[in-house]
$ cat entry.pdb   # PDB, C-alpha atoms
MODEL        1
ATOM      1  CA  MET A   1     -23.783-137.531 -11.863
ATOM      2  CA  VAL A   2     -22.642-138.645  -8.410
ATOM      3  CA  ALA A   3     -25.099-138.133  -5.590
ATOM      4  CA  GLN A   4     -23.481-136.296  -2.708
ATOM      5  CA  GLU A   5     -24.734-138.837  -0.179
ATOM      6  CA  GLN A   6     -22.505-141.421  -1.871
ATOM      7  CA  PHE A   7     -19.330-139.515  -1.088
ATOM      8  CA  ASN A   8     -17.398-141.681   1.343
ATOM      9  CA  GLY A   9     -14.345-139.436   1.607
ATOM     10  CA  TYR A  10     -10.778-140.257   2.554
ATOM     11  CA  ASP A  11     -10.365-143.439   4.642
ATOM     12  CA  PRO A  12      -7.560-143.128   7.243
ATOM     13  CA  GLY A  13      -7.485-146.933   7.699
ATOM     14  CA  PHE A  14      -7.228-147.747   3.997
ATOM     15  CA  LEU A  15      -3.738-149.299   4.297
ATOM     16  CA  GLY A  16      -4.400-151.128   7.540
ATOM     17  CA  ASP A  17      -2.355-148.693   9.595
ATOM     18  CA  VAL A  18      -4.225-145.521  10.517
ATOM     19  CA  ILE A  19      -2.981-142.535   8.495
ATOM     20  CA  PRO A  20      -4.898-139.506   9.785
ATOM     21  CA  LEU A  21      -5.243-136.264   7.906
ATOM     22  CA  PRO A  22      -2.346-133.814   8.362
ATOM     23  CA  LYS A  23      -2.729-131.355  11.217
ATOM     24  CA  LEU A  24      -3.194-127.692  10.321
ATOM     25  CA  SER A  25      -1.364-124.863  12.040
ATOM     26  CA  LYS A  26      -3.266-122.393  14.262
ATOM     27  CA  GLN A  27      -3.210-119.834  11.456
ATOM     28  CA  GLN A  28      -4.574-122.360   8.972
ATOM     29  CA  LEU A  29      -7.304-123.432  11.386
ATOM     30  CA  SER A  30      -8.450-119.815  11.629
ATOM     31  CA  ASP A  31      -8.748-119.760   7.818
ATOM     32  CA  LEU A  32     -10.385-123.172   7.519
ATOM     33  CA  PHE A  33     -13.617-123.399   5.531
ATOM     34  CA  ARG A  34     -16.129-125.214   7.750
ATOM     35  CA  PHE A  35     -19.043-126.358   5.656
ATOM     36  CA  ASN A  36     -21.083-128.537   8.026
ATOM     37  CA  ASP A  37     -22.094-128.991  11.640
ATOM     38  CA  LYS A  38     -18.950-130.979  12.396
ATOM     39  CA  HIS A  39     -16.829-127.883  11.810
ATOM     40  CA  ASP A  40     -13.851-130.103  11.023
ATOM     41  CA  GLY A  41     -13.421-128.669   7.533
ATOM     42  CA  VAL A  42     -13.136-132.099   5.871
ATOM     43  CA  ILE A  43     -15.164-132.081   2.642
ATOM     44  CA  PRO A  44     -15.799-135.665   1.441
ATOM     45  CA  TYR A  45     -15.835-136.787  -2.175
ATOM     46  CA  PHE A  46     -15.577-140.233  -3.746
ATOM     47  CA  ASN A  47     -12.512-141.937  -2.183
ATOM     48  CA  TYR A  48     -10.937-138.592  -1.352
ATOM     49  CA  SER A  49     -11.438-135.510   0.785
ATOM     50  CA  ILE A  50     -10.472-131.832   0.648
ATOM     51  CA  VAL A  51      -9.543-129.359   3.380
ATOM     52  CA  LEU A  52     -10.182-125.867   2.017
ATOM     53  CA  SER A  53      -8.847-122.386   2.741
ATOM     54  CA  SER A  54     -11.558-119.730   3.021
ATOM     55  CA  SER A  55      -9.342-116.824   2.019
ATOM     56  CA  HIS A  56      -7.396-118.438  -0.824
ATOM     57  CA  LYS A  57     -10.349-120.536  -2.072
ATOM     58  CA  PHE A  58      -7.906-123.366  -2.806
ATOM     59  CA  PRO A  59      -7.241-126.565  -0.832
ATOM     60  CA  PHE A  60      -4.814-126.594   2.050
ATOM     61  CA  LEU A  61      -4.599-130.263   1.144
ATOM     62  CA  THR A  62      -6.354-133.154  -0.531
ATOM     63  CA  ALA A  63      -6.288-136.735   0.767
ATOM     64  CA  SER A  64      -6.998-139.727  -1.462
ATOM     65  CA  ASN A  65      -7.055-143.520  -1.350
ATOM     66  CA  ILE A  66      -5.903-145.408  -4.454
ATOM     67  CA  ASP A  67      -6.287-149.138  -5.142
ATOM     68  CA  GLY A  68      -4.143-150.158  -8.114
ATOM     69  CA  ALA A  69      -5.673-153.635  -8.264
ATOM     70  CA  LEU A  70      -9.170-152.211  -8.778
ATOM     71  CA  PHE A  71      -8.289-149.576 -11.372
ATOM     72  CA  LYS A  72     -10.685-149.475 -14.327
ATOM     73  CA  LYS A  73     -10.031-147.941 -17.736
ATOM     74  CA  ILE A  74     -12.902-145.672 -18.785
ATOM     75  CA  ALA A  75     -13.292-142.777 -21.203
ATOM     76  CA  ARG A  76     -12.544-139.323 -19.838
ATOM     77  CA  GLN A  77     -15.551-137.014 -19.498
ATOM     78  CA  ASP A  78     -14.716-133.530 -18.238
ATOM     79  CA  ARG A  79     -17.629-132.068 -16.303
ATOM     80  CA  TRP A  80     -16.232-129.194 -14.301
ATOM     81  CA  ARG A  81     -18.687-127.587 -11.865
ATOM     82  CA  LYS A  82     -18.776-125.845  -8.525
ATOM     83  CA  ASP A  83     -19.587-127.782  -5.371
ATOM     84  CA  LEU A  84     -22.947-126.412  -4.172
ATOM     85  CA  ARG A  85     -21.999-127.288  -0.585
ATOM     86  CA  ILE A  86     -19.180-124.753  -0.646
ATOM     87  CA  GLY A  87     -20.806-121.738  -2.274
ATOM     88  CA  LYS A  88     -18.494-118.752  -2.757
ATOM     89  CA  ALA A  89     -15.515-120.349  -1.008
ATOM     90  CA  GLN A  90     -14.230-121.643  -4.351
ATOM     91  CA  TRP A  91     -13.068-120.221  -7.650
ATOM     92  CA  GLY A  92     -14.864-121.368 -10.783
ATOM     93  CA  ARG A  93     -14.575-121.139 -14.539
ATOM     94  CA  GLU A  94     -14.253-117.348 -14.283
ATOM     95  CA  LEU A  95     -10.656-117.769 -13.087
ATOM     96  CA  TYR A  96      -9.598-120.150 -15.844
ATOM     97  CA  LEU A  97     -11.237-118.236 -18.703
ATOM     98  CA  VAL A  98      -9.203-115.056 -18.209
ATOM     99  CA  LYS A  99      -7.700-114.246 -21.609
ATOM    100  CA  GLY A 100      -4.030-115.113 -21.842
ATOM    101  CA  SER A 101      -3.874-116.898 -18.504
ATOM    102  CA  LYS A 102      -2.455-120.170 -19.928
ATOM    103  CA  PHE A 103      -3.803-121.941 -16.853
ATOM    104  CA  ASP A 104      -5.067-125.470 -16.679
ATOM    105  CA  ARG A 105      -7.543-126.564 -14.063
ATOM    106  CA  GLY A 106      -4.914-128.490 -12.197
ATOM    107  CA  HIS A 107      -6.421-131.529 -10.498
ATOM    108  CA  MET A 108      -4.979-131.900  -7.014
ATOM    109  CA  VAL A 109      -6.519-135.361  -6.864
ATOM    110  CA  LYS A 110      -5.747-136.880 -10.255
ATOM    111  CA  ARG A 111      -8.809-138.126 -12.128
ATOM    112  CA  GLU A 112      -7.332-141.575 -12.793
ATOM    113  CA  ASP A 113      -6.182-141.995  -9.187
ATOM    114  CA  ILE A 114      -9.799-142.250  -8.063
ATOM    115  CA  GLN A 115     -10.879-144.220 -11.137
ATOM    116  CA  TRP A 116     -11.207-147.535  -9.344
ATOM    117  CA  GLY A 117     -13.820-149.716  -7.701
ATOM    118  CA  LYS A 118     -15.560-153.064  -7.900
ATOM    119  CA  ASP A 119     -16.941-152.184 -11.350
ATOM    120  CA  GLU A 120     -16.813-149.497 -14.045
ATOM    121  CA  ALA A 121     -19.791-147.688 -12.500
ATOM    122  CA  ASP A 122     -17.827-147.085  -9.303
ATOM    123  CA  ALA A 123     -14.766-146.085 -11.300
ATOM    124  CA  TYR A 124     -16.827-143.521 -13.204
ATOM    125  CA  LYS A 125     -18.228-142.072  -9.985
ATOM    126  CA  GLY A 126     -14.712-141.640  -8.670
ATOM    127  CA  ALA A 127     -13.383-140.012 -11.824
ATOM    128  CA  ASP A 128     -16.405-137.721 -12.120
ATOM    129  CA  SER A 129     -16.081-136.545  -8.533
ATOM    130  CA  THR A 130     -12.634-135.069  -9.259
ATOM    131  CA  PHE A 131     -14.166-132.457 -11.581
ATOM    132  CA  PHE A 132     -15.286-130.109  -8.829
ATOM    133  CA  TYR A 133     -13.562-126.722  -8.873
ATOM    134  CA  SER A 134     -12.715-127.212  -5.213
ATOM    135  CA  ASN A 135     -10.243-129.869  -6.434
ATOM    136  CA  ALA A 136      -8.597-127.494  -8.934
ATOM    137  CA  VAL A 137      -5.720-125.050  -8.572
ATOM    138  CA  PRO A 138      -4.353-122.913 -11.446
ATOM    139  CA  GLN A 139      -1.343-124.685 -12.909
ATOM    140  CA  HIS A 140       0.605-123.380 -15.874
ATOM    141  CA  LYS A 141      -0.099-125.678 -18.799
ATOM    142  CA  ASN A 142       3.586-126.554 -19.109
ATOM    143  CA  LEU A 143       3.617-127.807 -15.538
ATOM    144  CA  ASN A 144       0.267-129.573 -15.500
ATOM    145  CA  ARG A 145       0.619-131.349 -18.846
ATOM    146  CA  LYS A 146       4.288-132.235 -18.639
ATOM    147  CA  ILE A 147       6.410-132.619 -15.529
ATOM    148  CA  TRP A 148       3.659-132.731 -12.896
ATOM    149  CA  LYS A 149       1.784-135.190 -15.103
ATOM    150  CA  SER A 150       4.930-137.261 -15.440
ATOM    151  CA  LEU A 151       5.207-137.541 -11.665
ATOM    152  CA  GLU A 152       1.531-138.457 -11.318
ATOM    153  CA  ASN A 153       1.832-141.108 -14.025
ATOM    154  CA  TYR A 154       4.909-142.576 -12.378
ATOM    155  CA  ILE A 155       3.115-142.951  -9.050
ATOM    156  CA  LEU A 156      -0.067-144.406 -10.562
ATOM    157  CA  ASN A 157       1.119-146.427 -13.558
ATOM    158  CA  THR A 158       4.671-147.516 -12.825
ATOM    159  CA  GLU A 159       4.162-148.319  -9.170
ATOM    160  CA  THR A 160       0.532-148.515  -8.019
ATOM    161  CA  LYS A 161      -1.267-150.162 -10.960
ATOM    162  CA  LYS A 162       1.622-152.315 -12.135
ATOM    163  CA  LYS A 163       2.160-153.776  -8.668
ATOM    164  CA  ASP A 164      -1.474-153.823  -7.491
ATOM    165  CA  LEU A 165      -0.625-151.534  -4.602
ATOM    166  CA  LYS A 166      -2.905-149.670  -2.258
ATOM    167  CA  ILE A 167      -1.598-146.216  -1.393
ATOM    168  CA  SER A 168      -2.784-143.075   0.361
ATOM    169  CA  VAL A 169      -1.757-139.726  -1.085
ATOM    170  CA  PHE A 170      -1.769-136.171   0.248
ATOM    171  CA  THR A 171      -1.461-133.379  -2.332
ATOM    172  CA  GLY A 172      -1.770-129.634  -2.331
ATOM    173  CA  PRO A 173      -0.462-126.192  -3.205
ATOM    174  CA  VAL A 174       1.557-124.072  -0.815
ATOM    175  CA  LEU A 175      -0.841-121.336   0.295
ATOM    176  CA  SER A 176       0.977-118.262   1.535
ATOM    177  CA  THR A 177       0.228-114.566   1.935
ATOM    178  CA  SER A 178       3.493-113.991   0.053
ATOM    179  CA  ASN A 179       2.300-115.824  -3.059
ATOM    180  CA  PRO A 180       2.321-113.556  -6.136
ATOM    181  CA  ILE A 181      -0.812-111.816  -7.388
ATOM    182  CA  PHE A 182      -2.452-112.799 -10.673
ATOM    183  CA  PHE A 183      -2.037-110.011 -13.245
ATOM    184  CA  GLN A 184      -5.818-109.529 -13.521
ATOM    185  CA  SER A 185      -8.500-109.375 -10.851
ATOM    186  CA  VAL A 186     -11.332-111.895 -11.087
ATOM    187  CA  GLY A 187     -14.797-110.692 -10.177
ATOM    188  CA  GLY A 188     -13.208-107.682  -8.545
ATOM    189  CA  GLN A 189     -11.016-109.857  -6.339
ATOM    190  CA  GLN A 190      -7.276-110.361  -6.374
ATOM    191  CA  VAL A 191      -6.070-113.937  -6.752
ATOM    192  CA  GLN A 192      -2.877-115.111  -5.105
ATOM    193  CA  LEU A 193      -1.406-117.825  -7.294
ATOM    194  CA  PRO A 194       0.256-120.837  -5.674
ATOM    195  CA  VAL A 195       3.843-121.244  -6.831
ATOM    196  CA  LEU A 196       4.709-124.561  -5.160
ATOM    197  CA  PHE A 197       2.901-127.906  -5.344
ATOM    198  CA  TRP A 198       3.642-130.933  -3.182
ATOM    199  CA  LYS A 199       2.679-134.600  -2.993
ATOM    200  CA  ILE A 200       3.275-137.213  -0.277
ATOM    201  CA  VAL A 201       2.676-140.924  -0.875
ATOM    202  CA  PHE A 202       2.130-143.438   1.944
ATOM    203  CA  PHE A 203       2.521-147.127   1.094
ATOM    204  CA  LYS A 204       3.564-150.477   2.539
ATOM    205  CA  LYS A 205       6.421-152.682   1.407
ATOM    206  CA  THR A 206       6.543-156.456   1.646
ATOM    207  CA  ASP A 207       8.115-156.109   5.092
ATOM    208  CA  GLY A 208       4.754-154.808   6.324
ATOM    209  CA  LYS A 209       6.158-151.437   7.371
ATOM    210  CA  LEU A 210       4.585-148.121   6.459
ATOM    211  CA  TYR A 211       6.681-145.808   4.272
ATOM    212  CA  ARG A 212       6.305-142.307   2.910
ATOM    213  CA  VAL A 213       7.926-140.373   0.050
ATOM    214  CA  ALA A 214       7.533-136.703  -0.821
ATOM    215  CA  PHE A 215       7.819-134.530  -3.927
ATOM    216  CA  MET A 216       7.557-130.824  -4.680
ATOM    217  CA  MET A 217       7.585-128.715  -7.861
ATOM    218  CA  SER A 218       7.578-124.975  -8.558
ATOM    219  CA  GLN A 219       5.947-123.020 -11.382
ATOM    220  CA  LYS A 220       7.381-119.640 -10.372
ATOM    221  CA  SER A 221       9.579-119.131 -13.443
ATOM    222  CA  LEU A 222       6.745-120.226 -15.765
ATOM    223  CA  LEU A 223       4.419-117.617 -14.283
ATOM    224  CA  GLU A 224       7.073-114.899 -14.518
ATOM    225  CA  LYS A 225       8.106-115.787 -18.065
ATOM    226  CA  ASP A 226       4.529-115.455 -19.354
ATOM    227  CA  GLY A 227       3.757-112.310 -17.378
ATOM    228  CA  LEU A 228       1.002-113.956 -15.355
ATOM    229  CA  ILE A 229       2.029-112.402 -12.069
ATOM    230  CA  ASP A 230       2.511-108.784 -11.119
ATOM    231  CA  GLN A 231       6.274-108.367 -10.904
ATOM    232  CA  LEU A 232       5.966-105.824  -8.100
ATOM    233  CA  GLU A 233       3.816-108.176  -6.097
ATOM    234  CA  SER A 234       6.084-111.076  -6.967
ATOM    235  CA  ALA A 235       8.931-109.249  -5.270
ATOM    236  CA  ILE A 236       7.210-109.931  -1.941
ATOM    237  CA  ILE A 237       8.569-113.470  -2.164
ATOM    238  CA  ASP A 238      11.887-113.920  -0.392
ATOM    239  CA  ASP A 239      14.380-113.684  -3.252
ATOM    240  CA  GLU A 240      16.877-115.772  -1.361
ATOM    241  CA  LEU A 241      14.320-118.524  -0.897
ATOM    242  CA  PHE A 242      13.381-118.690  -4.566
ATOM    243  CA  LEU A 243      16.795-118.653  -6.204
ATOM    244  CA  LEU A 244      16.603-119.785  -9.823
ATOM    245  CA  PHE A 245      19.206-122.341 -10.838
ATOM    246  CA  LYS A 246      19.808-123.428 -14.438
ATOM    247  CA  GLU A 247      19.367-127.111 -13.628
ATOM    248  CA  ALA A 248      16.574-128.818 -11.682
ATOM    249  CA  ASN A 249      18.243-131.902 -10.280
ATOM    250  CA  THR A 250      15.465-133.641  -8.380
ATOM    251  CA  TYR A 251      11.861-133.236  -7.270
ATOM    252  CA  GLN A 252      12.106-135.637  -4.350
ATOM    253  CA  ILE A 253      12.463-134.105  -0.921
ATOM    254  CA  ASN A 254      11.879-135.017   2.725
ATOM    255  CA  VAL A 255       8.475-134.604   4.335
ATOM    256  CA  LYS A 256       9.982-132.316   6.966
ATOM    257  CA  THR A 257      10.721-129.787   4.212
ATOM    258  CA  ILE A 258       7.053-129.743   3.169
ATOM    259  CA  GLU A 259       6.082-129.351   6.817
ATOM    260  CA  GLU A 260       8.400-126.362   7.226
ATOM    261  CA  ILE A 261       7.145-124.681   4.051
ATOM    262  CA  THR A 262       3.418-125.397   4.446
ATOM    263  CA  GLY A 263       2.914-125.366   8.216
ATOM    264  CA  LEU A 264       1.163-128.735   8.009
ATOM    265  CA  ASN A 265       2.119-131.705  10.192
ATOM    266  CA  PHE A 266       1.991-135.136   8.538
ATOM    267  CA  PRO A 267       1.634-138.662   9.966
ATOM    268  CA  LYS A 268       4.876-140.452  10.780
ATOM    269  CA  ALA A 269       6.254-143.312   8.681
ATOM    270  CA  THR A 270       9.608-144.725   7.610
ATOM    271  CA  GLU A 271      11.267-142.386   5.141
ATOM    272  CA  PRO A 272      14.291-143.944   3.418
ATOM    273  CA  TYR A 273      15.119-140.905   1.292
ATOM    274  CA  THR A 274      17.456-138.411   2.935
ATOM    275  CA  ASP A 275      17.871-134.854   1.713
ATOM    276  CA  ASN A 276      20.210-132.550   3.579
ATOM    277  CA  ARG A 277      19.965-129.586   1.212
ATOM    278  CA  PRO A 278      18.900-126.271   2.754
ATOM    279  CA  ILE A 279      15.384-125.164   1.864
ATOM    280  CA  LYS A 280      16.539-122.289  -0.335
ATOM    281  CA  LEU A 281      18.509-124.753  -2.469
ATOM    282  CA  ILE A 282      15.598-127.171  -2.669
ATOM    283  CA  ILE A 283      13.219-124.441  -3.841
ATOM    284  CA  SER A 284      15.677-123.545  -6.562
ATOM    285  CA  ASP A 285      16.114-127.121  -7.730
ATOM    286  CA  ILE A 286      12.410-127.873  -8.008
ATOM    287  CA  ASP A 287      11.623-125.041 -10.417
ATOM    288  CA  VAL A 288      10.525-126.804 -13.605
ATOM    289  CA  GLU A 289      11.481-124.201 -16.218
ATOM    290  CA  SER A 290      14.888-125.627 -17.174
ATOM    291  CA  GLU A 291      13.503-129.157 -17.500
ATOM    292  CA  LEU A 292      10.977-128.065 -20.131
ATOM    293  CA  GLU A 293      13.697-127.359 -22.663
ATOM    294  CA  SER A 294      14.400-131.070 -23.049
ATOM    295  CA  PHE A 295      10.987-132.461 -22.082
ATOM    296  CA  SER A 296       8.691-134.079 -24.630
ATOM    297  CA  LEU A 297       5.351-135.769 -24.143
ATOM    298  CA  SER A 298       6.551-138.709 -26.208
ATOM    299  CA  SER A 299       8.833-139.821 -23.406
ATOM    300  CA  GLU A 300       8.467-139.754 -19.643
ATOM    301  CA  LEU A 301      10.595-137.342 -17.689
ATOM    302  CA  THR A 302      13.325-139.243 -15.901
ATOM    303  CA  LEU A 303      12.808-138.461 -12.232
ATOM    304  CA  LYS A 304      15.366-139.130  -9.553
ATOM    305  CA  ILE A 305      13.080-141.204  -7.344
ATOM    306  CA  GLU A 306      14.860-143.374  -4.808
ATOM    307  CA  ASN A 307      13.689-146.149  -2.489
ATOM    308  CA  ILE A 308      10.057-146.158  -3.555
ATOM    309  CA  VAL A 309      10.336-149.346  -5.623
ATOM    310  CA  LEU A 310       9.374-152.499  -3.737
TER     311      LEU A 310
ENDMDL
END
$ encode --input "entry.pdb" --output "structure tokens"
Amino acid sequence: MVAQEQFNGYDPGFLGDVIPLPKLSKQQLSDLFRFNDKHDGVIPYFNYSIVLSSSHKFPFLTASNIDGALFKKIARQDRWRKDLRIGKAQWGRELYLVKGSKFDRGHMVKREDIQWGKDEADAYKGADSTFFYSNAVPQHKNLNRKIWKSLENYILNTETKKKDLKISVFTGPVLSTSNPIFFQSVGGQQVQLPVLFWKIVFFKKTDGKLYRVAFMMSQKSLLEKDGLIDQLESAIIDDELFLLFKEANTYQINVKTIEEITGLNFPKATEPYTDNRPIKLIISDIDVESELESFSLSSELTLKIENIVL
């Protein structure tokens, strides 16, 4: 068990350059869960922090520091529990045990991302601290265990660990009042299910400059296909925005698109990838349903990821 006083939280200066937490919109600030006397809403964990929505009970964002050179391989030990500091401002096992939900407890901060330190004891503390429900968002099992996992593994294994990189990562769901409603109430409360998930990676190249790359995926068609969302409530979503194409071409987008969709404002950095597609086309392309037909766990999903390789 990790003592709470050991939680150091996200370090803005981890890469040398200062990368502050994203700025919330006025509306998000009014919904911010403030758990201590600082009232800044930043909840520290081991090498990462969470900024939580009071109404949705999910993170607006998570912020993590990852050191590929100090990664340690340890056995996985799932120990999901609620964070006592947060109280009722978080969903717990009651959400994920609903019969027929097909939800995974989707880590926003990946367990292995924080599984690093000077020794295995530190690596265990990091991994264990990701098993708070405040770090989980319902993800359809076919998203969490396949394509989203493939993206996470690419970032950690192919780039960060293999090249001994240090990176800072922001991750989160898109929290919106237009998100569809879960088909069953939980504890007498309705649950709005996030449809979109995003991830932004900050890193340095050998030229010493700070770069950023962004990704987004949608589970909308997975939720609809399995009847997990109320179709009448789902209709609240702008149909033009969530057009469903047969092919999902890429999951890489520009940070400005995430800013427009989420309302968050992210730190500046060089961004070599250029995406001129309109948002409604992007949202269509990032729906994962069509990719699952050809996806297998025995081989990594081939992602169109440009200009991240050193």
$ residues_around --input "entry.pdb" --residues "stretch 183-192 of chain A" --least-positions-apart "3" --cutoff "6 Å" --atoms "only C-alpha atoms" --output "PyMOL selection string"
chain A and resi 179-180+228-230
$ resolve_selection --input "entry.pdb" --expression "the PyMOL selection byres ((chain A and resi 57) around 10)" --output "PyMOL selection string"
chain A and resi 32-33+52-56+58-60+86+88-92+133-134+136-137+175+191-192
$ closest_residue --input "entry.pdb" --among "A:Gln139, A:Ser25, A:Gln252, A:Asn65" --to "A:Ser101" --atoms "all atoms listed in the file"
A:Gln139
$ resolve_selection --input "entry.pdb" --expression "the PyMOL selection byres ((chain A and resi 118) around 12)" --output "VMD selection string"
chain A and resid 67 to 72 115 to 117 119 to 126
$ axis_aligned_box --input "entry.pdb" --around "stretch 44-59 of chain A" --padding-each-side "6 Å" --output "lines of an AutoDock Vina configuration file"
center_x = -11.5
center_y = -129.4
center_z = -0.2
size_x = 20.6
size_y = 37.1
size_z = 19.1
$ resolve_selection --input "entry.pdb" --expression "the PyMOL selection byres ((chain A and resi 222-225) around 8)" --output "PyMOL selection string"
chain A and resi 140+142+219-221+226-229+231+288-289
$ closest_residue --input "entry.pdb" --among "A:His107, A:Lys204, A:Lys199, A:Lys209" --to "A:Thr171" --atoms "only C-alpha atoms"
A:Lys199
$ residues_around --input "entry.pdb" --residues "A:Gly208" --least-positions-apart "6" --cutoff "12 Å" --atoms "only C-alpha atoms" --output "list in words"
Leu15, Gly16, Asp17, Ala269, Thr270 and Leu310 of chain A
